[in-house]
$ cat query.txt   # compact mmCIF, C-alpha atoms
# COMPACT_ATOMS: atom_id res chain seq x y z
CA MET A 1 0.00 0.00 0.00
CA THR A 2 1.67 3.20 -1.19
CA CYS A 3 -1.24 5.64 -1.39
CA VAL A 4 -4.89 6.10 -0.44
CA GLU A 5 -6.03 4.90 -3.86
CA ASP A 6 -4.51 1.48 -3.13
CA PHE A 7 -6.74 1.19 -0.07
CA ARG A 8 -9.80 2.31 -2.03
CA ARG A 9 -9.39 -0.43 -4.64
CA LEU A 10 -8.99 -3.11 -1.98
CA ALA A 11 -11.92 -1.79 0.05
CA ARG A 12 -14.19 -2.06 -2.97
CA ARG A 13 -13.42 -5.78 -3.16
CA ARG A 14 -13.88 -6.46 0.54
CA VAL A 15 -17.00 -4.53 1.57
CA PRO A 16 -20.61 -5.27 0.52
CA ARG A 17 -21.71 -2.95 -2.23
CA MET A 18 -24.32 -1.03 -0.23
CA PHE A 19 -21.80 -0.02 2.42
CA TYR A 20 -19.00 0.73 -0.04
CA ASP A 21 -21.37 2.93 -2.05
CA TYR A 22 -22.55 4.67 1.12
CA MET A 23 -18.95 5.58 1.86
CA ASP A 24 -17.89 6.49 -1.66
CA SER A 25 -20.73 8.55 -3.14
CA GLY A 26 -22.24 12.01 -3.21
CA SER A 27 -25.66 13.51 -3.79
CA TRP A 28 -27.41 13.81 -7.16
CA THR A 29 -24.84 14.21 -9.97
CA GLU A 30 -21.90 13.93 -7.52
CA ASP A 31 -20.32 17.05 -9.06
CA THR A 32 -19.41 18.58 -5.69
CA TYR A 33 -18.18 15.22 -4.42
CA ARG A 34 -15.75 15.01 -7.36
CA SER A 35 -14.75 18.69 -7.15
CA ASN A 36 -13.73 18.29 -3.51
CA GLU A 37 -10.91 16.03 -4.65
CA THR A 38 -9.99 17.43 -8.07
CA ASP A 39 -9.87 21.10 -7.07
CA PHE A 40 -6.83 20.44 -4.88
CA GLN A 41 -4.86 19.73 -8.06
CA ALA A 42 -5.32 23.32 -9.25
CA LEU A 43 -2.96 24.47 -6.49
CA LYS A 44 0.68 24.19 -7.56
CA PHE A 45 3.66 24.20 -5.20
CA ARG A 46 6.69 26.49 -5.41
CA GLN A 47 9.71 24.21 -5.13
CA ARG A 48 12.74 25.58 -3.27
CA VAL A 49 16.27 24.15 -3.14
CA ALA A 50 19.50 24.52 -1.14
CA VAL A 51 17.54 25.26 2.03
CA ASP A 52 18.54 23.60 5.32
CA ILE A 53 15.69 21.15 5.86
CA ALA A 54 17.57 18.67 8.06
CA ARG A 55 15.30 19.10 11.08
CA ARG A 56 11.59 19.15 10.28
CA SER A 57 8.35 18.83 12.22
CA VAL A 58 4.73 18.55 11.13
CA ARG A 59 3.45 18.61 14.72
CA ALA A 60 0.54 20.96 15.31
CA THR A 61 -1.78 22.27 18.01
CA LEU A 62 -5.49 21.72 17.44
CA LEU A 63 -7.88 23.35 19.93
CA GLY A 64 -5.14 23.36 22.51
CA GLU A 65 -4.27 19.69 21.93
CA ASP A 66 -0.84 18.61 20.70
CA ALA A 67 -1.11 16.53 17.51
CA ALA A 68 1.44 14.55 15.52
CA MET A 69 0.24 16.37 12.39
CA PRO A 70 -2.59 18.82 11.56
CA VAL A 71 -5.04 16.01 10.81
CA ILE A 72 -8.21 14.85 12.56
CA LEU A 73 -10.17 11.70 11.74
CA ALA A 74 -13.53 13.08 10.64
CA PRO A 75 -16.91 11.94 11.99
CA THR A 76 -18.32 9.32 9.61
CA GLY A 77 -21.58 7.44 9.92
CA LEU A 78 -21.87 3.65 9.65
CA THR A 79 -18.11 3.21 10.08
CA GLY A 80 -18.68 -0.02 11.97
CA MET A 81 -20.38 -1.51 8.91
CA LEU A 82 -17.26 -1.08 6.78
CA HIS A 83 -15.29 -3.23 9.20
CA ALA A 84 -16.45 -4.93 12.40
CA ASP A 85 -15.99 -2.56 15.37
CA GLY A 86 -14.70 0.01 12.90
CA GLU A 87 -14.99 3.09 15.10
CA ILE A 88 -13.06 1.40 17.91
CA LEU A 89 -10.28 0.36 15.53
CA ALA A 90 -10.01 3.81 13.95
CA ALA A 91 -10.01 5.52 17.35
CA ARG A 92 -7.20 3.28 18.59
CA ALA A 93 -5.15 3.92 15.46
CA ALA A 94 -5.61 7.69 15.82
CA GLU A 95 -4.71 7.54 19.50
CA ARG A 96 -1.48 5.66 18.87
CA PHE A 97 -0.55 7.97 16.01
CA GLY A 98 -1.25 11.04 18.13
CA ILE A 99 -4.12 12.78 16.34
CA PRO A 100 -7.76 13.46 17.34
CA PHE A 101 -10.55 11.03 16.47
CA THR A 102 -14.14 12.23 16.05
CA LEU A 103 -17.05 9.88 16.70
CA SER A 104 -20.27 10.42 14.75
CA THR A 105 -23.74 10.43 16.29
CA MET A 106 -24.62 7.88 13.58
CA SER A 107 -21.85 5.47 14.55
CA ILE A 108 -22.21 1.74 15.06
CA CYS A 109 -19.97 1.68 18.13
CA SER A 110 -21.26 3.88 20.94
CA ILE A 111 -19.64 6.73 22.84
CA GLU A 112 -19.14 4.35 25.74
CA ASP A 113 -17.52 1.74 23.47
CA ILE A 114 -14.87 4.22 22.32
CA ALA A 115 -14.21 5.45 25.85
CA ALA A 116 -13.74 1.87 27.06
CA HIS A 117 -11.17 1.07 24.36
CA THR A 118 -9.07 4.26 24.35
CA GLN A 119 -7.11 6.36 26.83
CA ARG A 120 -6.87 9.67 24.97
CA PRO A 121 -9.92 11.99 24.97
CA PHE A 122 -11.74 11.94 21.63
CA TRP A 123 -14.11 14.39 19.94
CA PHE A 124 -17.84 13.77 19.53
CA GLN A 125 -19.94 14.97 16.60
CA LEU A 126 -23.53 15.94 17.37
CA TYR A 127 -26.51 15.91 15.04
CA VAL A 128 -29.31 18.07 16.41
CA MET A 129 -32.52 16.03 16.55
CA ARG A 130 -36.09 17.16 17.17
CA ASP A 131 -36.02 15.14 20.37
CA ARG A 132 -34.10 17.67 22.47
CA ASP A 133 -34.18 15.40 25.51
CA PHE A 134 -32.23 12.81 23.50
CA VAL A 135 -29.80 15.50 22.28
CA GLY A 136 -29.22 16.67 25.84
CA ARG A 137 -28.52 13.14 27.01
CA LEU A 138 -26.12 12.61 24.10
CA ILE A 139 -24.20 15.71 25.19
CA ASP A 140 -24.16 14.47 28.78
CA ARG A 141 -22.87 11.05 27.65
CA ALA A 142 -20.07 12.72 25.69
CA LYS A 143 -19.12 14.74 28.78
CA ALA A 144 -19.17 11.61 30.94
CA ALA A 145 -16.89 9.84 28.46
CA GLY A 146 -14.36 12.66 28.73
CA CYS A 147 -14.70 13.94 25.17
CA SER A 148 -12.52 17.03 24.71
CA ALA A 149 -14.54 18.75 21.97
CA LEU A 150 -18.10 18.74 20.65
CA VAL A 151 -18.51 19.05 16.87
CA VAL A 152 -22.01 20.31 15.96
CA THR A 153 -22.89 19.55 12.34
CA VAL A 154 -25.19 22.25 10.96
CA ASP A 155 -25.58 21.23 7.30
CA LEU A 156 -27.90 18.23 7.71
CA GLN A 157 -31.23 19.82 8.57
CA VAL A 158 -32.59 18.01 5.52
CA MET A 159 -30.91 15.11 3.76
CA GLY A 160 -29.48 15.28 0.25
CA GLN A 161 -30.51 12.46 -2.06
CA ARG A 162 -27.84 9.87 -2.77
CA HIS A 163 -29.04 7.73 -5.64
CA LYS A 164 -26.83 4.75 -4.82
CA ASP A 165 -28.22 4.40 -1.29
CA ILE A 166 -31.77 4.28 -2.65
CA LYS A 167 -30.92 1.76 -5.36
CA ASN A 168 -29.00 -0.44 -2.93
CA GLY A 169 -31.75 -0.36 -0.29
CA LEU A 170 -29.25 0.74 2.35
CA SER A 171 -30.01 -0.64 5.82
CA THR A 172 -28.17 -1.86 8.85
CA PRO A 173 -28.00 -4.77 9.27
CA PRO A 174 -28.48 -5.54 5.53
CA LYS A 175 -31.96 -6.78 4.63
CA PRO A 176 -31.87 -10.48 3.61
CA THR A 177 -32.82 -9.92 -0.03
CA LEU A 178 -31.52 -12.21 -2.76
CA ALA A 179 -29.21 -9.50 -4.10
CA ASN A 180 -27.83 -8.72 -0.65
CA LEU A 181 -27.28 -12.37 0.22
CA ALA A 182 -25.44 -12.90 -3.06
CA GLY A 183 -23.27 -9.87 -2.33
CA LEU A 184 -22.49 -11.05 1.18
CA ALA A 185 -21.50 -14.50 -0.12
CA LEU A 186 -18.73 -12.79 -2.09
CA ARG A 187 -17.42 -10.99 1.02
CA PRO A 188 -16.58 -13.82 3.48
CA ARG A 189 -13.95 -11.78 5.35
CA TRP A 190 -16.49 -9.04 6.07
CA CYS A 191 -19.15 -11.57 7.09
CA LEU A 192 -16.86 -13.35 9.54
CA GLY A 193 -15.96 -10.05 11.12
CA MET A 194 -19.60 -9.11 11.58
CA LEU A 195 -20.44 -12.51 13.03
CA GLY A 196 -17.74 -11.91 15.63
CA THR A 197 -19.14 -8.66 16.99
CA ARG A 198 -22.37 -7.64 18.72
CA ARG A 199 -22.13 -4.10 17.33
CA ARG A 200 -24.34 -4.00 14.23
CA VAL A 201 -26.81 -1.17 14.89
CA PHE A 202 -26.52 2.51 15.76
CA GLY A 203 -24.93 2.28 19.18
CA ASN A 204 -25.60 5.87 20.22
CA ILE A 205 -29.30 5.59 19.42
CA VAL A 206 -30.69 2.08 19.91
CA GLY A 207 -31.60 1.63 23.56
CA HIS A 208 -31.26 5.35 24.24
CA VAL A 209 -34.42 6.64 22.54
CA GLN A 210 -37.85 5.97 23.96
CA GLY A 211 -39.80 3.57 21.77
CA VAL A 212 -36.84 2.71 19.52
CA SER A 213 -35.53 -0.83 19.82
CA ASP A 214 -34.30 -1.35 16.26
CA MET A 215 -32.62 0.88 13.67
CA SER A 216 -33.17 -1.01 10.43
CA SER A 217 -33.32 2.11 8.27
CA LEU A 218 -31.00 5.10 8.37
CA ALA A 219 -33.30 7.02 6.01
CA ALA A 220 -36.34 6.53 8.25
CA TRP A 221 -34.53 7.85 11.32
CA THR A 222 -33.11 10.89 9.58
CA THR A 223 -36.43 11.74 7.97
CA GLN A 224 -38.19 11.62 11.32
CA GLN A 225 -35.62 13.24 13.57
CA PHE A 226 -33.24 15.68 11.87
CA ASP A 227 -34.43 19.15 12.79
CA ALA A 228 -35.16 21.50 9.89
CA SER A 229 -35.79 24.32 12.37
CA LEU A 230 -32.19 24.31 13.67
CA ASN A 231 -30.81 27.87 13.81
CA TRP A 232 -28.02 29.85 15.43
CA ASP A 233 -30.06 30.46 18.58
CA ASP A 234 -29.94 26.71 19.29
CA LEU A 235 -26.15 26.90 19.56
CA ALA A 236 -26.46 28.88 22.80
CA TRP A 237 -28.36 26.03 24.47
CA ILE A 238 -25.91 23.43 23.14
CA LYS A 239 -22.90 25.47 24.24
CA ALA A 240 -24.34 25.94 27.74
CA ARG A 241 -25.23 22.24 28.11
CA TRP A 242 -21.80 21.16 26.83
CA GLY A 243 -19.61 23.68 28.65
CA GLY A 244 -16.44 22.78 26.72
CA ARG A 245 -14.77 23.39 23.38
CA LEU A 246 -17.36 23.76 20.63
CA ILE A 247 -16.76 23.26 16.91
CA VAL A 248 -19.31 24.13 14.20
CA LYS A 249 -19.03 21.91 11.12
CA GLY A 250 -20.59 22.63 7.74
CA ILE A 251 -19.57 26.24 7.03
CA MET A 252 -19.23 27.22 3.36
CA ASP A 253 -20.01 30.95 3.45
CA VAL A 254 -18.21 33.93 5.00
CA GLN A 255 -21.42 35.25 6.53
CA ASP A 256 -22.07 31.91 8.24
CA ALA A 257 -18.46 31.86 9.44
CA ARG A 258 -18.99 35.22 11.14
CA LEU A 259 -22.20 33.91 12.72
CA ALA A 260 -20.26 30.93 14.09
CA VAL A 261 -17.81 33.32 15.71
CA LYS A 262 -20.71 35.36 17.14
CA ALA A 263 -22.27 32.16 18.52
CA GLY A 264 -19.14 31.56 20.59
CA ALA A 265 -17.70 28.58 18.70
CA ASP A 266 -14.04 27.79 19.37
CA ALA A 267 -13.51 26.46 15.84
CA LEU A 268 -15.37 25.93 12.60
CA VAL A 269 -15.00 23.37 9.84
CA VAL A 270 -15.21 24.48 6.23
CA SER A 271 -17.15 21.52 4.85
CA ASN A 272 -19.82 20.61 2.30
CA HIS A 273 -20.41 17.25 3.98
CA GLY A 274 -18.16 15.45 1.53
CA GLY A 275 -20.40 16.44 -1.39
CA ARG A 276 -23.25 14.43 0.15
CA GLN A 277 -25.67 17.31 0.70
CA LEU A 278 -25.92 20.26 -1.75
CA ASP A 279 -24.69 19.07 -5.11
CA GLY A 280 -23.50 22.02 -7.18
CA ALA A 281 -21.94 23.75 -4.17
CA PRO A 282 -18.25 24.72 -4.43
CA SER A 283 -15.52 22.44 -3.18
CA SER A 284 -14.39 22.88 0.40
CA ILE A 285 -10.84 23.84 -0.60
CA SER A 286 -12.13 26.59 -2.90
CA ALA A 287 -14.30 28.02 -0.09
CA LEU A 288 -11.50 27.91 2.47
CA PRO A 289 -9.39 31.01 1.60
CA ALA A 290 -12.17 33.59 1.90
CA ILE A 291 -13.40 32.12 5.19
CA ALA A 292 -9.87 31.91 6.63
CA ASP A 293 -9.22 35.53 5.63
CA ALA A 294 -12.48 36.70 7.19
CA VAL A 295 -12.41 34.94 10.57
CA GLY A 296 -9.05 33.17 10.91
CA GLY A 297 -7.92 35.74 13.45
CA ASP A 298 -10.96 35.13 15.63
CA ILE A 299 -11.50 31.37 15.49
CA GLU A 300 -9.63 28.20 14.55
CA VAL A 301 -10.49 27.29 10.97
CA LEU A 302 -10.46 23.60 10.05
CA MET A 303 -11.27 22.11 6.66
CA ASP A 304 -12.90 18.88 5.50
CA GLY A 305 -13.56 17.35 2.09
CA GLY A 306 -11.55 15.65 -0.64
CA VAL A 307 -8.28 15.15 1.27
CA ARG A 308 -6.53 12.12 -0.19
CA GLY A 309 -2.95 12.61 0.97
CA GLY A 310 -0.35 14.73 2.71
CA GLN A 311 -0.04 17.16 -0.19
CA ASP A 312 -3.72 18.04 0.19
CA VAL A 313 -3.15 18.67 3.90
CA LEU A 314 -0.23 20.97 3.00
CA ARG A 315 -2.33 22.89 0.47
CA ALA A 316 -5.15 23.39 2.99
CA VAL A 317 -2.75 24.64 5.67
CA ALA A 318 -1.19 27.01 3.12
CA LEU A 319 -4.64 28.51 2.44
CA GLY A 320 -5.35 29.14 6.10
CA ALA A 321 -6.58 25.93 7.71
CA ARG A 322 -5.25 25.16 11.18
CA GLY A 323 -6.01 21.51 10.57
CA VAL A 324 -7.73 19.13 8.19
CA MET A 325 -10.38 16.49 8.77
CA VAL A 326 -9.86 13.25 6.86
CA GLY A 327 -12.86 11.02 6.19
CA ARG A 328 -12.93 8.79 3.13
CA ALA A 329 -9.16 8.29 3.11
CA PHE A 330 -9.17 6.56 6.48
CA LEU A 331 -12.44 4.75 5.69
CA TYR A 332 -10.90 3.14 2.60
CA ALA A 333 -7.99 1.95 4.74
CA LEU A 334 -10.24 0.68 7.52
CA ALA A 335 -12.47 -1.20 5.09
CA ALA A 336 -9.47 -2.71 3.37
CA MET A 337 -7.24 -3.69 6.32
CA GLY A 338 -8.85 -2.75 9.62
CA GLU A 339 -6.84 -1.00 12.32
CA ALA A 340 -3.53 -1.76 10.62
CA GLY A 341 -4.85 -0.13 7.47
CA VAL A 342 -5.73 3.11 9.28
CA THR A 343 -2.31 3.19 10.93
CA ARG A 344 -0.62 2.65 7.58
CA CYS A 345 -2.78 5.32 5.94
CA LEU A 346 -1.89 7.90 8.57
CA GLY A 347 1.78 7.08 8.12
CA LEU A 348 1.52 7.62 4.37
CA ILE A 349 -0.22 10.97 4.85
CA ALA A 350 2.36 12.13 7.41
CA ASN A 351 5.29 11.13 5.20
CA GLU A 352 3.83 12.84 2.12
CA LEU A 353 3.16 15.97 4.17
CA ASP A 354 6.69 16.02 5.59
CA VAL A 355 8.47 15.42 2.27
CA SER A 356 6.32 17.89 0.34
CA MET A 357 6.85 20.56 3.01
CA ALA A 358 10.60 19.97 2.71
CA PHE A 359 10.52 20.43 -1.07
CA CYS A 360 8.81 23.76 -0.45
CA GLY A 361 11.71 24.83 1.78
CA ARG A 362 9.89 24.76 5.11
CA THR A 363 10.80 22.86 8.25
CA ARG A 364 7.81 23.56 10.52
CA ILE A 365 4.14 23.23 9.70
CA GLU A 366 3.37 26.48 11.52
CA ASP A 367 5.60 28.32 9.03
CA VAL A 368 3.59 27.12 6.03
CA ASP A 369 1.61 29.90 4.34
CA ARG A 370 0.41 30.89 0.88
CA THR A 371 3.90 31.70 -0.32
CA ILE A 372 4.58 27.97 -0.81
CA LEU A 373 2.04 28.05 -3.65
CA LEU A 374 2.64 29.39 -7.14
CA ASN A 375 -1.02 30.35 -7.53
CA PRO A 376 -2.55 30.95 -4.09
CA GLY A 377 -5.25 33.17 -5.56
CA VAL A 378 -6.67 30.55 -7.90
CA PHE A 379 -9.94 30.44 -5.92
CA ASP A 380 -10.32 34.21 -5.44

$ encode --input "query.txt" --output "structure tokens"
Amino acid sequence: MTCVEDFRRLARRRVPRMFYDYMDSGSWTEDTYRSNETDFQALKFRQRVAVDIARRSVRATLLGEDAAMPVILAPTGLTGMLHADGEILAARAAERFGIPFTLSTMSICSIEDIAAHTQRPFWFQLYVMRDRDFVGRLIDRAKAAGCSALVVTVDLQVMGQRHKDIKNGLSTPPKPTLANLAGLALRPRWCLGMLGTRRRVFGNIVGHVQGVSDMSSLAAWTTQQFDASLNWDDLAWIKARWGGRLIVKGIMDVQDARLAVKAGADALVVSNHGGRQLDGAPSSISALPAIADAVGGDIEVLMDGGVRGGQDVLRAVALGARGVMVGRAFLYALAAMGEAGVTRCLGLIANELDVSMAFCGRTRIEDVDRTILLNPGVFD
């Protein structure tokens, strides 16, 4: 395995189609999903030579936490259906590598599962549901587990349509249709893993919501519970209930970035939800510079979407991101090779970041700025 693409190809062979497609798809035409990745390539590096680069460091500080590199494992739903106990494995890999891990509300492994299998505090991502009592108890559970940051996702008030999920009849566990059974028969490694774990439903939800004993359909839950009335005033209640570091994820507009600052957030994430919500929206990397210029002096600006290697991390940092969330890259590795895959993936990203930074004549990640790029204004 030499790059993220190697993991992606192997993951496609090892994971049932419905779960692979859930991971590797966007909404409607998937234009924004593709742009998230391809727009990075428009940014060209300025190569420097004969600079003393003998001692280098890509270590960073993210929300007051020391990190081995400016990378966070992003919150991703259904991770535990790509590999048995997937969230636990990814969290352990991140902990050993020395970077933050973010658990999704829509995870298979619960908050308590992650806390029981790790020593380092992790981040928790919150979806705001109509059932505010459930939301409050989720926040309390994250506090009890020692989570060091709460990531509130604000771009999923309604759900974008992903054609592949509809065609595949996405559910967890998979419905025993003829097509699904045939697909599972071709994935014996995945099936054995799932037979060996009790974690096959949404661990943060099942057993914690009154009247809900089974979560056979992700679409049904989101349709019923995601709150279309969510607004900036709700952040005050969440911030007061949480009482710790608060991150707002899903910002793509300068005006919304300023509102996040006004709401008292400690950080924001420039993100279009991996191209899974508003198709036709700009890529995250193209939205980053204006937002970083507008509020970077007031709030930590993170970025998410399309990162496939260390060079993408370097480009994002150059355009003003304090750190970068990585989602699909680590999911490919997890689906392909489990915990060892995630560890290997993080190593590849770190090495590519370090070597590319060196070629640009820099020795510390905090010294990286737009001058390492030949065309930093390409997205102006």

$ residues_near_point --input "query.txt" --point "(-20.6, 19.6, -1.4)" --cutoff "12 Å" --atoms "all atoms listed in the file" --output "JSON, numbers by chain"
{"A": [25, 26, 27, 28, 29, 30, 31, 32, 33, 34, 35, 36, 37, 155, 156, 160, 250, 251, 252, 270, 271, 272, 273, 274, 275, 276, 277, 278, 279, 280, 281, 282, 283, 284, 285, 286, 287, 304, 305, 306]}

$ residues_near_point --input "query.txt" --point "(14.9, 29.7, -4.1)" --cutoff "12 Å" --atoms "all atoms listed in the file" --output "ChimeraX atom specification"
/A:46-52,359-362,371-372

$ write_last_selection --input "query.txt" --atoms "C-alpha atoms" --output "short mmCIF file (atom, residue, chain, number, x, y, z; two decimals), keeping the file's coordinate frame"
data_model
loop_
_atom_site.label_atom_id
_atom_site.label_comp_id
_atom_site.auth_asym_id
_atom_site.auth_seq_id
_atom_site.Cartn_x
_atom_site.Cartn_y
_atom_site.Cartn_z
CA ARG A 46 6.69 26.49 -5.41
CA GLN A 47 9.71 24.21 -5.13
CA ARG A 48 12.74 25.58 -3.27
CA VAL A 49 16.27 24.15 -3.14
CA ALA A 50 19.50 24.52 -1.14
CA VAL A 51 17.54 25.26 2.03
CA ASP A 52 18.54 23.60 5.32
CA PHE A 359 10.52 20.43 -1.07
CA CYS A 360 8.81 23.76 -0.45
CA GLY A 361 11.71 24.83 1.78
CA ARG A 362 9.89 24.76 5.11
CA THR A 371 3.90 31.70 -0.32
CA ILE A 372 4.58 27.97 -0.81
#

$ closest_residue --input "query.txt" --among "A:Ala260, A:Leu348, A:Met357, A:Val324" --to "A:Leu62" --atoms "all atoms listed in the file"
A:Val324

$ atom_distance --input "query.txt" --atom1 "atom CA of A:Val355" --atom2 "atom CA of A:Pro121"
29.4 Å

$ residues_around --input "query.txt" --residues "A:Asp380" --least-positions-apart "3" --cutoff "9 Å" --atoms "only C-alpha atoms" --output "JSON, numbers by chain"
{"A": [286, 289, 290, 376, 377]}

$ write_last_selection --input "query.txt" --atoms "C-alpha atoms" --output "compact mmCIF listing (two decimals), keeping the file's coordinate frame"
# COMPACT_ATOMS: atom_id res chain seq x y z
CA SER A 286 -12.13 26.59 -2.90
CA PRO A 289 -9.39 31.01 1.60
CA ALA A 290 -12.17 33.59 1.90
CA PRO A 376 -2.55 30.95 -4.09
CA GLY A 377 -5.25 33.17 -5.56

$ closest_residue --input "query.txt" --among "A:Asp367, A:Leu89, A:Val254, A:Leu63" --to "A:Gly341" --atoms "all atoms listed in the file"
A:Leu89

$ closest_atom_pairs --input "query.txt" --of "stretch 150-245 of chain A" --to "stretch 132-140 of chain A" --cutoff "9 Å" --atoms "only C-alpha atoms" --output "Markdown table"
| residue | atom | partner | partner_atom | distance |
| --- | --- | --- | --- | --- |
| A:Leu150 | CA | A:Ile139 | CA | 8.2 |
| A:Asn204 | CA | A:Leu138 | CA | 7.8 |
| A:Ile205 | CA | A:Phe134 | CA | 8.8 |
| A:His208 | CA | A:Phe134 | CA | 7.6 |
| A:Val209 | CA | A:Phe134 | CA | 6.6 |
| A:Gln210 | CA | A:Phe134 | CA | 8.9 |
| A:Ile238 | CA | A:Gly136 | CA | 8.0 |
| A:Arg241 | CA | A:Gly136 | CA | 7.2 |
| A:Trp242 | CA | A:Ile139 | CA | 6.2 |

$ atom_distance --input "query.txt" --atom1 "atom CA of A:Arg364" --atom2 "atom CA of A:Val295"
23.2 Å

$ residues_around --input "query.txt" --residues "stretch 69-76 of chain A" --least-positions-apart "3" --cutoff "8 Å" --atoms "all atoms listed in the file" --output "ChimeraX atom specification"
/A:58-62,79,94,98-104,106-107,124-125,304,313,322-327,330,350

$ atom_distance --input "query.txt" --atom1 "atom CA of A:Lys249" --atom2 "atom CA of A:Val301"
10.1 Å

$ closest_residue --input "query.txt" --among "A:Ile247, A:Val201, A:Ile166, A:Leu186" --to "A:Arg13" --atoms "all atoms listed in the file"
A:Leu186

$ closest_residue --input "query.txt" --among "A:Gly77, A:Pro16, A:Gly243, A:Gly309" --to "A:Thr2" --atoms "all atoms listed in the file"
A:Gly309

$ closest_residue --input "query.txt" --among "A:Asn351, A:Gln311, A:Thr197, A:Thr343" --to "A:Ala84" --atoms "all atoms listed in the file"
A:Thr197

$ decode --input "query.txt" --residues "stretch 320-332 of chain A" --atoms "C-alpha atoms" --output "PDB file, in the first residue's frame"
ATOM      1  CA  GLY A 320      -5.346  29.139   6.104  1.00  0.00           C
ATOM      2  CA  ALA A 321      -6.580  25.927   7.709  1.00  0.00           C
ATOM      3  CA  ARG A 322      -5.251  25.165  11.182  1.00  0.00           C
ATOM      4  CA  GLY A 323      -6.008  21.509  10.573  1.00  0.00           C
ATOM      5  CA  VAL A 324      -7.728  19.133   8.186  1.00  0.00           C
ATOM      6  CA  MET A 325     -10.381  16.490   8.771  1.00  0.00           C
ATOM      7  CA  VAL A 326      -9.860  13.250   6.856  1.00  0.00           C
ATOM      8  CA  GLY A 327     -12.864  11.024   6.186  1.00  0.00           C
ATOM      9  CA  ARG A 328     -12.934   8.790   3.127  1.00  0.00           C
ATOM     10  CA  ALA A 329      -9.163   8.288   3.111  1.00  0.00           C
ATOM     11  CA  PHE A 330      -9.168   6.555   6.483  1.00  0.00           C
ATOM     12  CA  LEU A 331     -12.440   4.745   5.693  1.00  0.00           C
ATOM     13  CA  TYR A 332     -10.901   3.136   2.602  1.00  0.00           C
TER      14      TYR A 332
END
